[in-house]
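Chemist: input_38.txt is reproduced below (compact mmCIF, C-alpha atoms).
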# COMPACT_ATOMS: atom_id res chain seq x y z
CA MET W 7 0.00 0.00 0.00
CA ILE W 8 1.20 3.49 -0.63
CA THR W 9 1.75 5.57 2.46
CA ASN W 10 -0.78 8.21 1.40
CA ASP W 11 -3.50 5.56 1.35
CA VAL W 12 -2.59 4.34 4.84
CA LEU W 13 -2.62 7.91 6.17
CA ARG W 14 -5.97 8.63 4.51
CA ARG W 15 -7.57 5.42 5.82
CA VAL W 16 -6.34 5.97 9.40
CA ARG W 17 -7.64 9.52 9.31
CA TYR W 18 -11.04 8.36 8.11
CA ALA W 19 -11.27 5.42 10.54
CA LEU W 20 -10.41 7.53 13.58
CA GLN W 21 -12.37 10.58 12.40
CA LEU W 22 -9.40 12.95 12.64
CA ASN W 23 -10.00 16.49 11.39
CA ASP W 24 -7.31 18.81 9.99
CA LYS W 25 -6.55 20.38 13.36
CA LYS W 26 -6.11 17.02 15.06
CA MET W 27 -3.88 15.77 12.23
CA LEU W 28 -1.70 18.89 12.43
CA ASP W 29 -1.50 18.53 16.22
CA ILE W 30 -0.38 14.90 15.86
CA PHE W 31 2.40 15.91 13.47
CA ALA W 32 3.42 18.79 15.75
CA SER W 33 3.57 16.47 18.78
CA VAL W 34 6.55 14.68 17.21
CA ASP W 35 8.38 17.90 16.34
CA ASN W 36 7.36 17.75 12.70
CA ALA W 37 4.94 20.60 12.16
CA ILE W 38 3.48 20.75 8.67
CA ASP W 39 1.14 23.31 7.18
CA GLU W 40 -2.45 22.69 6.18
CA ASN W 41 -1.76 22.88 2.43
CA TYR W 42 0.87 20.15 2.67
CA LEU W 43 -1.54 18.03 4.74
CA HIS W 44 -4.17 18.35 2.03
CA SER W 45 -1.60 17.45 -0.64
CA ILE W 46 -0.62 14.20 1.08
CA MET W 47 -4.31 13.38 1.61
CA GLU W 48 -5.02 13.57 -2.13
CA LYS W 49 -5.39 10.37 -4.11
CA GLU W 50 -2.71 9.34 -6.57
CA GLY W 51 -3.27 11.03 -9.90
CA GLU W 52 -5.16 14.02 -8.48
CA GLU W 53 -3.89 17.50 -9.24
CA ASN W 54 -2.22 18.44 -5.93
CA PHE W 55 -1.03 14.93 -5.00
CA VAL W 56 2.27 14.80 -3.10
CA PHE W 57 3.79 11.44 -2.16
CA CYS W 58 3.92 10.91 1.62
CA ARG W 59 7.41 9.73 2.57
CA ASP W 60 7.74 6.66 4.78
CA SER W 61 9.52 8.76 7.41
CA LEU W 62 6.54 11.14 7.55
CA LEU W 63 4.06 8.28 7.98
CA SER W 64 6.28 6.81 10.71
CA LEU W 65 6.32 10.15 12.55
CA PHE W 66 2.54 10.43 12.19
CA LEU W 67 2.04 6.95 13.68
CA ASP W 68 4.41 7.82 16.54
CA GLY W 69 2.39 11.00 17.10
CA LEU W 70 -0.81 8.96 17.06
CA ILE W 71 0.66 6.73 19.76
CA ASN W 72 1.45 9.85 21.80
CA ALA W 73 -2.05 11.21 21.27
CA LYS W 74 -3.83 7.97 22.18
CA ARG W 75 -1.56 6.59 24.92
CA GLY W 76 0.36 9.60 26.18
CA LYS W 77 3.91 10.67 25.50
CA LYS W 78 6.70 8.81 27.29
CA GLU W 79 8.91 11.02 29.42
CA GLY W 80 12.34 11.58 27.94
CA SER W 81 11.55 9.93 24.62
CA SER W 82 12.04 11.63 21.31
CA PRO W 83 10.58 10.70 17.94
CA VAL W 84 12.56 8.19 15.91
CA ILE W 85 13.23 9.49 12.43
CA LEU W 86 13.74 6.87 9.75
CA PRO W 87 17.05 7.15 7.89
CA ALA W 88 16.99 8.39 4.31
CA LYS W 89 15.60 5.81 1.87
CA ALA W 90 14.43 3.56 4.72
CA ILE W 91 11.12 1.85 4.08
CA LEU W 92 8.39 1.48 6.67
CA SER W 93 7.12 -2.08 6.27
CA ASN W 94 3.48 -3.11 6.57
CA ASN W 95 4.52 -5.04 9.70
CA ASP W 96 5.83 -1.79 11.24
CA ILE W 97 2.62 0.05 10.33
CA LEU W 98 0.50 -2.73 11.83
CA ARG W 99 2.63 -2.76 15.01
CA LYS W 100 2.38 1.03 15.46
CA LEU W 101 -1.39 0.97 14.91
CA ARG W 102 -1.74 -1.85 17.42
CA ILE W 103 0.16 0.17 20.02
CA ALA W 104 -1.70 3.41 19.30
CA LEU W 105 -5.13 1.77 19.51
CA ASN W 106 -4.10 -0.32 22.55
CA PHE W 107 -5.28 -3.46 20.75
CA LYS W 108 -4.77 -6.87 22.24
CA GLU W 109 -4.62 -10.03 20.15
CA GLU W 110 -8.40 -10.52 20.31
CA ASP W 111 -9.03 -6.93 19.16
CA MET W 112 -6.78 -7.48 16.16
CA LEU W 113 -8.50 -10.75 15.28
CA ASP W 114 -11.94 -9.13 15.68
CA ALA W 115 -10.98 -6.23 13.42
CA LEU W 116 -9.78 -8.61 10.71
CA ALA W 117 -12.84 -10.84 11.11
CA SER W 118 -15.19 -7.85 10.80
CA ALA W 119 -13.51 -7.07 7.49
CA GLU W 120 -14.20 -10.68 6.47
CA PHE W 121 -10.50 -11.52 6.50
CA PRO W 122 -10.08 -13.93 9.40
CA VAL W 123 -6.59 -15.03 10.39
CA SER W 124 -5.45 -17.47 13.04
CA LYS W 125 -3.69 -16.48 16.26
CA SER W 126 -0.44 -18.04 15.04
CA GLU W 127 -0.60 -16.14 11.74
CA LEU W 128 -1.18 -12.91 13.64
CA SER W 129 1.66 -13.49 16.09
CA ALA W 130 4.02 -14.23 13.17
CA LEU W 131 3.45 -10.67 11.93
CA PHE W 132 4.83 -9.21 15.17
CA ARG W 133 7.97 -11.33 15.44
CA LYS W 134 11.46 -10.04 14.73
CA ARG W 135 12.46 -10.20 11.08
CA ASP W 136 15.15 -12.84 11.71
CA HIS W 137 12.83 -15.16 13.66
CA ARG W 138 12.10 -18.42 11.85
CA ASN W 139 8.31 -17.91 12.14
CA TYR W 140 8.34 -14.27 11.00
CA LYS W 141 5.84 -13.47 8.26
CA GLU W 142 5.62 -10.40 6.04
CA CYS W 143 2.37 -8.46 6.32
CA GLY W 144 0.88 -8.19 2.85
CA ASP W 145 -1.01 -5.22 1.47
CA GLN W 146 -4.27 -7.18 1.54
CA LEU W 147 -3.98 -7.95 5.25
CA LEU W 148 -3.11 -4.35 6.14
CA ARG W 149 -5.93 -3.02 3.96
CA ASN W 150 -8.43 -5.37 5.62
CA PHE W 151 -7.17 -4.45 9.08
CA LEU W 152 -7.73 -0.77 8.24
CA ASN W 153 -11.23 -1.66 6.99
CA GLY W 154 -11.86 -3.52 10.24
CA ILE W 155 -10.84 -0.61 12.44
CA THR W 156 -12.99 1.67 10.28
CA GLU W 157 -15.99 -0.54 11.01
CA ARG W 158 -15.09 -0.64 14.69
CA PHE W 159 -14.74 3.12 15.15
CA ARG W 160 -17.26 4.40 12.61
CA GLY W 161 -19.79 1.56 12.57
CA THR W 162 -20.86 -0.50 9.60
CA SER W 163 -23.01 0.85 6.84
CA ALA W 164 -25.79 -1.58 7.86
CA GLU W 165 -25.86 -0.09 11.36
CA LYS W 166 -26.07 3.42 9.90
CA GLU W 167 -28.96 2.38 7.63
CA ASN W 168 -30.87 1.03 10.63
CA GLU W 169 -30.26 4.29 12.54
CA THR W 170 -31.75 6.37 9.72
CA LYS W 171 -34.84 4.13 9.52
CA VAL W 172 -35.69 4.56 13.21
Would you mind writing the file out in structure tokens?
Modeler:
Amino acid sequence: MITNDVLRRVRYALQLNDKKMLDIFASVDNAIDENYLHSIMEKEGEENFVFCRDSLLSLFLDGLINAKRGKKEGSSPVILPAKAILSNNDILRKLRIALNFKEEDMLDALASAEFPVSKSELSALFRKRDHRNYKECGDQLLRNFLNGITERFRGTSAEKENETKV
């Protein structure tokens, strides 16, 4: 998945407005302006689209952790080295920490997106890269996890239809 898509989906799932997004970036000493925020929120191929660097997405996820769980005393944001790539496993790990998800929450989110995985498959995603049972997180799994958290925090479309009928 491209980083812009991840950023856009997290923003939508957690219902983050421009001010909250800018505050999250500022909390990790990486203040951006509103125009740049809108540019990285654009879809690929749109007029003002600007590619979101992996280091910027990493900082955003670190800021999200700070916003949701509180900032650790004495810690500073970790900036990815130039040309370093943020893997889907890293994105999944940072989202898990930010949302304070346990194993069951992760499995529920994936199941609600109709993409069930086993406990062992899930734990393999969070192992160290050199562990023999380590597994790469694919785009499809990450996309379905983001869909699952969207359903969890925004509600499903079926629930919204029932609310409008009442």
Chemist: In terms of the shortest atom-to-atom distance over all atoms listed in the file, which of W:Asp68, W:Asp60, W:Asp111, W:Asp39 is closest to Lys89 of chain W?
Modeler: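 Looking at the shortest contact to Lys89 of chain W, the residue is W:Asp60.
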Chemist: For a test of reading the model, state the distance in Å between atom CA of Arg133 of chain W and atom CA of Ala19 of chain W, rounded to one decimal.
Modeler: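 Distance between the two atoms: 26.0 Å.
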Chemist: Nearest to Gly161 of chain W: which of W:Ser118, W:Leu113, W:Met47, W:Arg17 is it, counting all atoms listed in the file?
Modeler: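 Checking each of W:Ser118, W:Leu113, W:Met47, W:Arg17 against Gly161 of chain W, counting all atoms listed in the file, the winner is W:Ser118.
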Chemist: If we count all atoms listed in the file and set the cut-off at 10 Å, which residues sit around Ile46 of chain W, ignoring sequence neighbours fewer than 6 positions away in its own chain? Please answer as number ranges by chain.
Modeler: W: 9-11, 13-14, 54-59
Chemist: Could you tell me how far atom CA of Ala88 of chain W sits from atom CA of Leu105 of chain W, in Å to one decimal place?
Modeler: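 Going from atom CA of Leu105 of chain W over to atom CA of Ala88 of chain W, I get 27.6 Å.
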Chemist: What would the file be for segment 127-156 of chain W if you keep N, CA and C atoms and write it as a PDB file, in the first residue's frame?
Modeler:
ATOM      1  N   GLU W 127      -0.917 -17.005  12.877  1.00  0.00           N
ATOM      2  CA  GLU W 127      -0.601 -16.137  11.737  1.00  0.00           C
ATOM      3  C   GLU W 127      -0.411 -14.701  12.202  1.00  0.00           C
ATOM      4  N   LEU W 128      -1.279 -14.273  13.124  1.00  0.00           N
ATOM      5  CA  LEU W 128      -1.182 -12.909  13.639  1.00  0.00           C
ATOM      6  C   LEU W 128       0.109 -12.711  14.421  1.00  0.00           C
ATOM      7  N   SER W 129       0.445 -13.646  15.282  1.00  0.00           N
ATOM      8  CA  SER W 129       1.662 -13.492  16.088  1.00  0.00           C
ATOM      9  C   SER W 129       2.906 -13.504  15.212  1.00  0.00           C
ATOM     10  N   ALA W 130       2.868 -14.194  14.084  1.00  0.00           N
ATOM     11  CA  ALA W 130       4.017 -14.232  13.173  1.00  0.00           C
ATOM     12  C   ALA W 130       4.303 -12.855  12.583  1.00  0.00           C
ATOM     13  N   LEU W 131       3.282 -12.014  12.485  1.00  0.00           N
ATOM     14  CA  LEU W 131       3.449 -10.670  11.932  1.00  0.00           C
ATOM     15  C   LEU W 131       4.223  -9.758  12.878  1.00  0.00           C
ATOM     16  N   PHE W 132       4.205 -10.078  14.169  1.00  0.00           N
ATOM     17  CA  PHE W 132       4.825  -9.214  15.171  1.00  0.00           C
ATOM     18  C   PHE W 132       6.163  -9.749  15.678  1.00  0.00           C
ATOM     19  N   ARG W 133       6.667 -10.774  15.052  1.00  0.00           N
ATOM     20  CA  ARG W 133       7.972 -11.327  15.440  1.00  0.00           C
ATOM     21  C   ARG W 133       9.092 -10.510  14.805  1.00  0.00           C
ATOM     22  N   LYS W 134      10.292 -10.703  15.320  1.00  0.00           N
ATOM     23  CA  LYS W 134      11.459 -10.041  14.730  1.00  0.00           C
ATOM     24  C   LYS W 134      11.719 -10.633  13.347  1.00  0.00           C
ATOM     25  N   ARG W 135      12.249  -9.809  12.484  1.00  0.00           N
ATOM     26  CA  ARG W 135      12.459 -10.202  11.083  1.00  0.00           C
ATOM     27  C   ARG W 135      13.321 -11.468  10.948  1.00  0.00           C
ATOM     28  N   ASP W 136      14.267 -11.672  11.834  1.00  0.00           N
ATOM     29  CA  ASP W 136      15.149 -12.836  11.714  1.00  0.00           C
ATOM     30  C   ASP W 136      14.616 -14.086  12.421  1.00  0.00           C
ATOM     31  N   HIS W 137      13.429 -13.999  13.008  1.00  0.00           N
ATOM     32  CA  HIS W 137      12.826 -15.165  13.663  1.00  0.00           C
ATOM     33  C   HIS W 137      12.343 -16.140  12.591  1.00  0.00           C
ATOM     34  N   ARG W 138      12.446 -17.424  12.875  1.00  0.00           N
ATOM     35  CA  ARG W 138      12.097 -18.423  11.850  1.00  0.00           C
ATOM     36  C   ARG W 138      10.608 -18.428  11.506  1.00  0.00           C
ATOM     37  N   ASN W 139       9.749 -17.940  12.408  1.00  0.00           N
ATOM     38  CA  ASN W 139       8.308 -17.912  12.136  1.00  0.00           C
ATOM     39  C   ASN W 139       7.806 -16.534  11.719  1.00  0.00           C
ATOM     40  N   TYR W 140       8.723 -15.613  11.437  1.00  0.00           N
ATOM     41  CA  TYR W 140       8.342 -14.271  10.997  1.00  0.00           C
ATOM     42  C   TYR W 140       7.608 -14.350   9.660  1.00  0.00           C
ATOM     43  N   LYS W 141       6.590 -13.505   9.519  1.00  0.00           N
ATOM     44  CA  LYS W 141       5.841 -13.468   8.261  1.00  0.00           C
ATOM     45  C   LYS W 141       5.642 -12.013   7.843  1.00  0.00           C
ATOM     46  N   GLU W 142       5.856 -11.737   6.582  1.00  0.00           N
ATOM     47  CA  GLU W 142       5.622 -10.395   6.041  1.00  0.00           C
ATOM     48  C   GLU W 142       4.123 -10.105   6.023  1.00  0.00           C
ATOM     49  N   CYS W 143       3.766  -8.898   6.382  1.00  0.00           N
ATOM     50  CA  CYS W 143       2.373  -8.463   6.316  1.00  0.00           C
ATOM     51  C   CYS W 143       2.123  -7.962   4.894  1.00  0.00           C
ATOM     52  N   GLY W 144       1.200  -8.584   4.216  1.00  0.00           N
ATOM     53  CA  GLY W 144       0.883  -8.186   2.853  1.00  0.00           C
ATOM     54  C   GLY W 144      -0.049  -6.978   2.812  1.00  0.00           C
ATOM     55  N   ASP W 145      -0.130  -6.375   1.656  1.00  0.00           N
ATOM     56  CA  ASP W 145      -1.008  -5.219   1.471  1.00  0.00           C
ATOM     57  C   ASP W 145      -2.460  -5.573   1.765  1.00  0.00           C
ATOM     58  N   GLN W 146      -2.870  -6.769   1.348  1.00  0.00           N
ATOM     59  CA  GLN W 146      -4.268  -7.178   1.536  1.00  0.00           C
ATOM     60  C   GLN W 146      -4.614  -7.270   3.017  1.00  0.00           C
ATOM     61  N   LEU W 147      -3.725  -7.839   3.822  1.00  0.00           N
ATOM     62  CA  LEU W 147      -3.983  -7.952   5.252  1.00  0.00           C
ATOM     63  C   LEU W 147      -4.046  -6.575   5.897  1.00  0.00           C
ATOM     64  N   LEU W 148      -3.111  -5.704   5.578  1.00  0.00           N
ATOM     65  CA  LEU W 148      -3.111  -4.349   6.141  1.00  0.00           C
ATOM     66  C   LEU W 148      -4.360  -3.590   5.719  1.00  0.00           C
ATOM     67  N   ARG W 149      -4.734  -3.703   4.458  1.00  0.00           N
ATOM     68  CA  ARG W 149      -5.931  -3.025   3.955  1.00  0.00           C
ATOM     69  C   ARG W 149      -7.176  -3.516   4.692  1.00  0.00           C
ATOM     70  N   ASN W 150      -7.275  -4.825   4.905  1.00  0.00           N
ATOM     71  CA  ASN W 150      -8.430  -5.374   5.615  1.00  0.00           C
ATOM     72  C   ASN W 150      -8.419  -4.999   7.085  1.00  0.00           C
ATOM     73  N   PHE W 151      -7.247  -4.900   7.695  1.00  0.00           N
ATOM     74  CA  PHE W 151      -7.175  -4.446   9.084  1.00  0.00           C
ATOM     75  C   PHE W 151      -7.675  -3.003   9.184  1.00  0.00           C
ATOM     76  N   LEU W 152      -7.263  -2.164   8.240  1.00  0.00           N
ATOM     77  CA  LEU W 152      -7.728  -0.772   8.242  1.00  0.00           C
ATOM     78  C   LEU W 152      -9.241  -0.707   8.023  1.00  0.00           C
ATOM     79  N   ASN W 153      -9.769  -1.583   7.170  1.00  0.00           N
ATOM     80  CA  ASN W 153     -11.226  -1.655   6.989  1.00  0.00           C
ATOM     81  C   ASN W 153     -11.903  -2.090   8.283  1.00  0.00           C
ATOM     82  N   GLY W 154     -11.303  -3.038   8.983  1.00  0.00           N
ATOM     83  CA  GLY W 154     -11.859  -3.524  10.240  1.00  0.00           C
ATOM     84  C   GLY W 154     -11.887  -2.461  11.322  1.00  0.00           C
ATOM     85  N   ILE W 155     -10.817  -1.660  11.416  1.00  0.00           N
ATOM     86  CA  ILE W 155     -10.844  -0.609  12.437  1.00  0.00           C
ATOM     87  C   ILE W 155     -11.804   0.503  12.033  1.00  0.00           C
ATOM     88  N   THR W 156     -11.996   0.691  10.737  1.00  0.00           N
ATOM     89  CA  THR W 156     -12.988   1.666  10.285  1.00  0.00           C
ATOM     90  C   THR W 156     -14.374   1.238  10.734  1.00  0.00           C
TER      91      THR W 156
END
